[in-house]
Amino acid sequence: MKLKQLIESSKLQDDYSALLDFVPYAKFIGVTITQDKDGWLFTLATEPNNIGNPITPALHGGVIAGFMEVAAALGQMLTSQHPTIPKIINFSIDYIRAAGVKPTYARCSIVRQGKRIANITVLAWQKDELQPIATARAHFLLGEEV
Amino acid sequence: MDSKELLVQGNNFLQVLPHCKKLGMKVITASKGQATIELPYNPEILGMDSQGYVHGGILTTMMDTVCGFAVTAALPAQEFCPTLDLRMDHMRRANAKGSIFAWAQCYKITRSICFTRGYAYQDDPDDPIVHCVATFVRSGKAWGKGGFVKLGAEDLLL
């Protein structure tokens, strides 16, 4: 199935498992996608293998960053009229609060989608969306429509 | 601590971090304020297009880990230093056909902040996959018996 069809059928059925199968890393860390009144909601499951610091304990900062990069890329693909496979140019993350070993959520907003480059911000939180654990910004290079 | 001790300490450190252990990361070089880690190939860490590229999140995980260890290798005590921020610049994609290496250096330490920089590469260190800068916050505390304990003045000096 072409990627564009895969995205369309995922949206129609409100089931994103086939889309996530397309991204081995997203499955590796345990990402799922749902849709609510505010848009796409990305969830990172509580997974012991995602722990970075076992003492505090806290999620690995790199897993939080990876989760937010997955959210940015898939959020861009789901939102775009002409989905392409976005290629990461750069990614910048600010860690705001300690991330406990519990479900983590993320939402992204497409700040600008140009012909070649997309600018996307991502917010991640655990208990309360108004108390984020991290914010991130990503630039993606957009390729040929697929 | 000399390089040999730092290498042992680094590998013990990665063994107790569940995510690093799961990925099979190893410290292969370590010296004062510097380190290199190796990540073996694993098909589970691929990115989107199934064309055999490693996901950017894995590279960020490697850089966060190696920059964090470079901080540990620069400080006098095992001070707890969480990541404040981190930026990745992707020069090109990483082929999923062999190890990835990540090198980092802690190039400046103040009373509050540790500044690090590094890059990741596959075959040639002069042709990096990513460049990274990251800063870490000094907590002035270390993990001891019964919880975090405040470090003494001698452990906070450089």
# chains A, B, ... in the order shown; residues from 1 in each chain; ligands from 1

call {"tool": "interface_residues", "arguments": {"of": "chain B", "to": "chain A", "cutoff": "6 Å", "atoms": "only C-alpha atoms", "output": "NGL selection string"}}
result
:B and (17-19 or 44-48 or 57 or 60-61 or 64 or 84-90)

call {"tool": "select_by_dssp", "arguments": {"residues": "chain B", "states": "alpha helix (DSSP H)", "output": "number ranges by chain"}}
result
B: 3-16, 18-23, 56-72, 153-156

call {"tool": "residues_around", "arguments": {"residues": "Trp103 (chain B)", "least_positions_apart": "3", "cutoff": "10 Å", "atoms": "only C-alpha atoms", "output": "list in words"}}
result
Val27, Ile28, Thr29, Ala30, Gln34, Ala35, Thr36, Ile37, Glu38, Met62, Met63, Val66, Cys67, Ala70, Arg117, Gly118, Tyr119, Ala120, Tyr121, Pro125, His131 and Cys132 of chain B

call {"tool": "write_last_selection", "arguments": {"atoms": "N, CA, C and O atoms", "output": "PDB file, in the first residue's frame"}}
result
ATOM      1  N   VAL B  27      30.881   1.808  26.354  1.00  0.00           N
ATOM      2  CA  VAL B  27      31.886   2.885  26.327  1.00  0.00           C
ATOM      3  C   VAL B  27      33.161   2.267  25.769  1.00  0.00           C
ATOM      4  O   VAL B  27      33.626   1.241  26.258  1.00  0.00           O
ATOM      5  N   ILE B  28      33.713   2.869  24.717  1.00  0.00           N
ATOM      6  CA  ILE B  28      34.939   2.280  24.140  1.00  0.00           C
ATOM      7  C   ILE B  28      36.179   3.136  24.375  1.00  0.00           C
ATOM      8  O   ILE B  28      37.285   2.621  24.361  1.00  0.00           O
ATOM      9  N   THR B  29      36.003   4.458  24.576  1.00  0.00           N
ATOM     10  CA  THR B  29      37.141   5.266  25.014  1.00  0.00           C
ATOM     11  C   THR B  29      36.653   6.227  26.084  1.00  0.00           C
ATOM     12  O   THR B  29      35.505   6.666  26.048  1.00  0.00           O
ATOM     13  N   ALA B  30      37.505   6.542  27.028  1.00  0.00           N
ATOM     14  CA  ALA B  30      37.154   7.518  28.064  1.00  0.00           C
ATOM     15  C   ALA B  30      38.431   8.169  28.563  1.00  0.00           C
ATOM     16  O   ALA B  30      39.465   7.505  28.715  1.00  0.00           O
ATOM     17  N   GLN B  34      35.959  13.411  28.377  1.00  0.00           N
ATOM     18  CA  GLN B  34      35.673  12.928  27.020  1.00  0.00           C
ATOM     19  C   GLN B  34      35.303  11.458  27.033  1.00  0.00           C
ATOM     20  O   GLN B  34      35.779  10.710  27.879  1.00  0.00           O
ATOM     21  N   ALA B  35      34.503  11.055  26.058  1.00  0.00           N
ATOM     22  CA  ALA B  35      34.166   9.630  25.944  1.00  0.00           C
ATOM     23  C   ALA B  35      33.650   9.312  24.550  1.00  0.00           C
ATOM     24  O   ALA B  35      33.178  10.201  23.829  1.00  0.00           O
ATOM     25  N   THR B  36      33.749   8.030  24.175  1.00  0.00           N
ATOM     26  CA  THR B  36      33.142   7.531  22.942  1.00  0.00           C
ATOM     27  C   THR B  36      32.318   6.306  23.314  1.00  0.00           C
ATOM     28  O   THR B  36      32.786   5.454  24.081  1.00  0.00           O
ATOM     29  N   ILE B  37      31.097   6.224  22.774  1.00  0.00           N
ATOM     30  CA  ILE B  37      30.317   5.013  22.980  1.00  0.00           C
ATOM     31  C   ILE B  37      29.974   4.383  21.633  1.00  0.00           C
ATOM     32  O   ILE B  37      29.942   5.055  20.604  1.00  0.00           O
ATOM     33  N   GLU B  38      29.722   3.081  21.680  1.00  0.00           N
ATOM     34  CA  GLU B  38      29.392   2.327  20.468  1.00  0.00           C
ATOM     35  C   GLU B  38      28.004   1.729  20.618  1.00  0.00           C
ATOM     36  O   GLU B  38      27.649   1.221  21.685  1.00  0.00           O
ATOM     37  N   MET B  62      21.818   8.367  21.940  1.00  0.00           N
ATOM     38  CA  MET B  62      23.270   8.153  22.043  1.00  0.00           C
ATOM     39  C   MET B  62      23.970   9.433  22.482  1.00  0.00           C
ATOM     40  O   MET B  62      24.858   9.401  23.337  1.00  0.00           O
ATOM     41  N   MET B  63      23.588  10.570  21.879  1.00  0.00           N
ATOM     42  CA  MET B  63      24.273  11.835  22.201  1.00  0.00           C
ATOM     43  C   MET B  63      23.975  12.272  23.634  1.00  0.00           C
ATOM     44  O   MET B  63      24.868  12.748  24.324  1.00  0.00           O
ATOM     45  N   VAL B  66      26.188   9.964  25.804  1.00  0.00           N
ATOM     46  CA  VAL B  66      27.642  10.185  25.769  1.00  0.00           C
ATOM     47  C   VAL B  66      28.001  11.576  26.301  1.00  0.00           C
ATOM     48  O   VAL B  66      29.018  11.742  26.992  1.00  0.00           O
ATOM     49  N   CYS B  67      27.152  12.579  26.030  1.00  0.00           N
ATOM     50  CA  CYS B  67      27.413  13.919  26.592  1.00  0.00           C
ATOM     51  C   CYS B  67      27.297  13.865  28.121  1.00  0.00           C
ATOM     52  O   CYS B  67      28.108  14.457  28.834  1.00  0.00           O
ATOM     53  N   ALA B  70      30.376  12.294  29.453  1.00  0.00           N
ATOM     54  CA  ALA B  70      31.523  13.214  29.365  1.00  0.00           C
ATOM     55  C   ALA B  70      31.513  14.181  30.554  1.00  0.00           C
ATOM     56  O   ALA B  70      32.563  14.536  31.093  1.00  0.00           O
ATOM     57  N   ARG B 117      29.707  19.126  23.819  1.00  0.00           N
ATOM     58  CA  ARG B 117      29.490  19.050  22.372  1.00  0.00           C
ATOM     59  C   ARG B 117      29.984  17.690  21.900  1.00  0.00           C
ATOM     60  O   ARG B 117      30.827  17.063  22.564  1.00  0.00           O
ATOM     61  N   GLY B 118      29.461  17.247  20.773  1.00  0.00           N
ATOM     62  CA  GLY B 118      29.893  15.948  20.281  1.00  0.00           C
ATOM     63  C   GLY B 118      29.344  15.668  18.904  1.00  0.00           C
ATOM     64  O   GLY B 118      28.663  16.513  18.311  1.00  0.00           O
ATOM     65  N   TYR B 119      29.673  14.499  18.413  1.00  0.00           N
ATOM     66  CA  TYR B 119      29.146  14.087  17.102  1.00  0.00           C
ATOM     67  C   TYR B 119      29.054  12.568  17.064  1.00  0.00           C
ATOM     68  O   TYR B 119      29.656  11.876  17.902  1.00  0.00           O
ATOM     69  N   ALA B 120      28.291  12.075  16.090  1.00  0.00           N
ATOM     70  CA  ALA B 120      28.197  10.626  15.881  1.00  0.00           C
ATOM     71  C   ALA B 120      28.643  10.311  14.465  1.00  0.00           C
ATOM     72  O   ALA B 120      28.486  11.136  13.562  1.00  0.00           O
ATOM     73  N   TYR B 121      29.238   9.148  14.285  1.00  0.00           N
ATOM     74  CA  TYR B 121      29.738   8.750  12.964  1.00  0.00           C
ATOM     75  C   TYR B 121      29.666   7.245  12.810  1.00  0.00           C
ATOM     76  O   TYR B 121      29.415   6.521  13.777  1.00  0.00           O
ATOM     77  N   PRO B 125      35.260   9.326  11.428  1.00  0.00           N
ATOM     78  CA  PRO B 125      34.946  10.422  12.364  1.00  0.00           C
ATOM     79  C   PRO B 125      34.946  11.797  11.686  1.00  0.00           C
ATOM     80  O   PRO B 125      34.341  12.734  12.189  1.00  0.00           O
ATOM     81  N   HIS B 131      25.850  16.336  14.507  1.00  0.00           N
ATOM     82  CA  HIS B 131      26.568  17.140  15.489  1.00  0.00           C
ATOM     83  C   HIS B 131      25.582  17.463  16.596  1.00  0.00           C
ATOM     84  O   HIS B 131      24.382  17.587  16.344  1.00  0.00           O
ATOM     85  N   CYS B 132      26.087  17.635  17.799  1.00  0.00           N
ATOM     86  CA  CYS B 132      25.193  17.880  18.928  1.00  0.00           C
ATOM     87  C   CYS B 132      25.848  18.843  19.912  1.00  0.00           C
ATOM     88  O   CYS B 132      27.067  18.820  20.092  1.00  0.00           O
TER      89      CYS B 132
END

call {"tool": "residues_around", "arguments": {"residues": "Glu144 (chain A)", "least_positions_apart": "2", "cutoff": "10 Å", "atoms": "only C-alpha atoms", "output": "mmCIF file with all heavy atoms, in the first residue's frame"}}
result
data_model
loop_
_atom_site.group_PDB
_atom_site.id
_atom_site.type_symbol
_atom_site.label_atom_id
_atom_site.label_comp_id
_atom_site.auth_asym_id
_atom_site.auth_seq_id
_atom_site.Cartn_x
_atom_site.Cartn_y
_atom_site.Cartn_z
ATOM 1 N N HIS A 82 -0.338 16.730 1.190
ATOM 2 C CA HIS A 82 0.497 15.962 0.266
ATOM 3 C C HIS A 82 1.596 15.268 1.067
ATOM 4 O O HIS A 82 2.726 15.766 1.112
ATOM 5 C CB HIS A 82 1.113 16.889 -0.787
ATOM 6 C CG HIS A 82 0.107 17.755 -1.468
ATOM 7 N ND1 HIS A 82 -0.759 17.268 -2.419
ATOM 8 C CD2 HIS A 82 -0.203 19.070 -1.305
ATOM 9 C CE1 HIS A 82 -1.546 18.240 -2.831
ATOM 10 N NE2 HIS A 82 -1.234 19.345 -2.159
ATOM 11 N N PRO A 83 1.256 14.163 1.725
ATOM 12 C CA PRO A 83 2.240 13.560 2.634
ATOM 13 C C PRO A 83 3.513 13.084 1.939
ATOM 14 O O PRO A 83 3.457 12.504 0.856
ATOM 15 C CB PRO A 83 1.487 12.387 3.253
ATOM 16 C CG PRO A 83 0.328 12.138 2.372
ATOM 17 C CD PRO A 83 -0.005 13.416 1.693
ATOM 18 N N THR A 84 4.637 13.390 2.580
ATOM 19 C CA THR A 84 5.933 12.900 2.113
ATOM 20 C C THR A 84 6.604 12.265 3.318
ATOM 21 O O THR A 84 6.117 12.396 4.441
ATOM 22 C CB THR A 84 6.824 14.055 1.615
ATOM 23 O OG1 THR A 84 7.177 14.855 2.747
ATOM 24 C CG2 THR A 84 6.113 14.919 0.587
ATOM 25 N N ILE A 85 7.717 11.593 3.081
ATOM 26 C CA ILE A 85 8.471 11.071 4.218
ATOM 27 C C ILE A 85 9.399 12.188 4.693
ATOM 28 O O ILE A 85 10.336 12.557 3.993
ATOM 29 C CB ILE A 85 9.243 9.804 3.843
ATOM 30 C CG1 ILE A 85 8.239 8.677 3.573
ATOM 31 C CG2 ILE A 85 10.191 9.399 4.960
ATOM 32 C CD1 ILE A 85 8.841 7.429 3.003
ATOM 33 N N PRO A 86 9.110 12.777 5.865
ATOM 34 C CA PRO A 86 9.937 13.897 6.310
ATOM 35 C C PRO A 86 11.306 13.430 6.781
ATOM 36 O O PRO A 86 11.436 12.404 7.454
ATOM 37 C CB PRO A 86 9.131 14.499 7.466
ATOM 38 C CG PRO A 86 8.209 13.434 7.921
ATOM 39 C CD PRO A 86 8.043 12.440 6.815
ATOM 40 N N ARG A 116 9.548 22.903 0.846
ATOM 41 C CA ARG A 116 10.683 22.005 1.101
ATOM 42 C C ARG A 116 10.892 21.721 2.573
ATOM 43 O O ARG A 116 11.451 20.691 2.933
ATOM 44 C CB ARG A 116 11.961 22.614 0.527
ATOM 45 C CG ARG A 116 11.929 22.760 -0.977
ATOM 46 C CD ARG A 116 13.130 23.546 -1.444
ATOM 47 N NE ARG A 116 14.373 22.869 -1.101
ATOM 48 C CZ ARG A 116 15.541 23.482 -0.921
ATOM 49 N NH1 ARG A 116 15.620 24.797 -1.017
ATOM 50 N NH2 ARG A 116 16.624 22.791 -0.624
ATOM 51 N N LEU A 142 11.194 18.038 3.305
ATOM 52 C CA LEU A 142 10.079 17.278 2.732
ATOM 53 C C LEU A 142 10.488 16.794 1.343
ATOM 54 O O LEU A 142 10.941 17.573 0.520
ATOM 55 C CB LEU A 142 8.835 18.160 2.663
ATOM 56 C CG LEU A 142 8.473 18.820 4.005
ATOM 57 C CD1 LEU A 142 7.362 19.833 3.804
ATOM 58 C CD2 LEU A 142 8.063 17.773 5.028
ATOM 59 N N VAL A 146 4.469 10.781 -1.678
ATOM 60 C CA VAL A 146 4.486 9.307 -1.778
ATOM 61 C C VAL A 146 3.084 8.729 -1.631
ATOM 62 O O VAL A 146 2.202 9.386 -1.103
ATOM 63 C CB VAL A 146 5.399 8.678 -0.710
ATOM 64 C CG1 VAL A 146 6.838 8.775 -1.137
ATOM 65 C CG2 VAL A 146 5.188 9.290 0.649
#
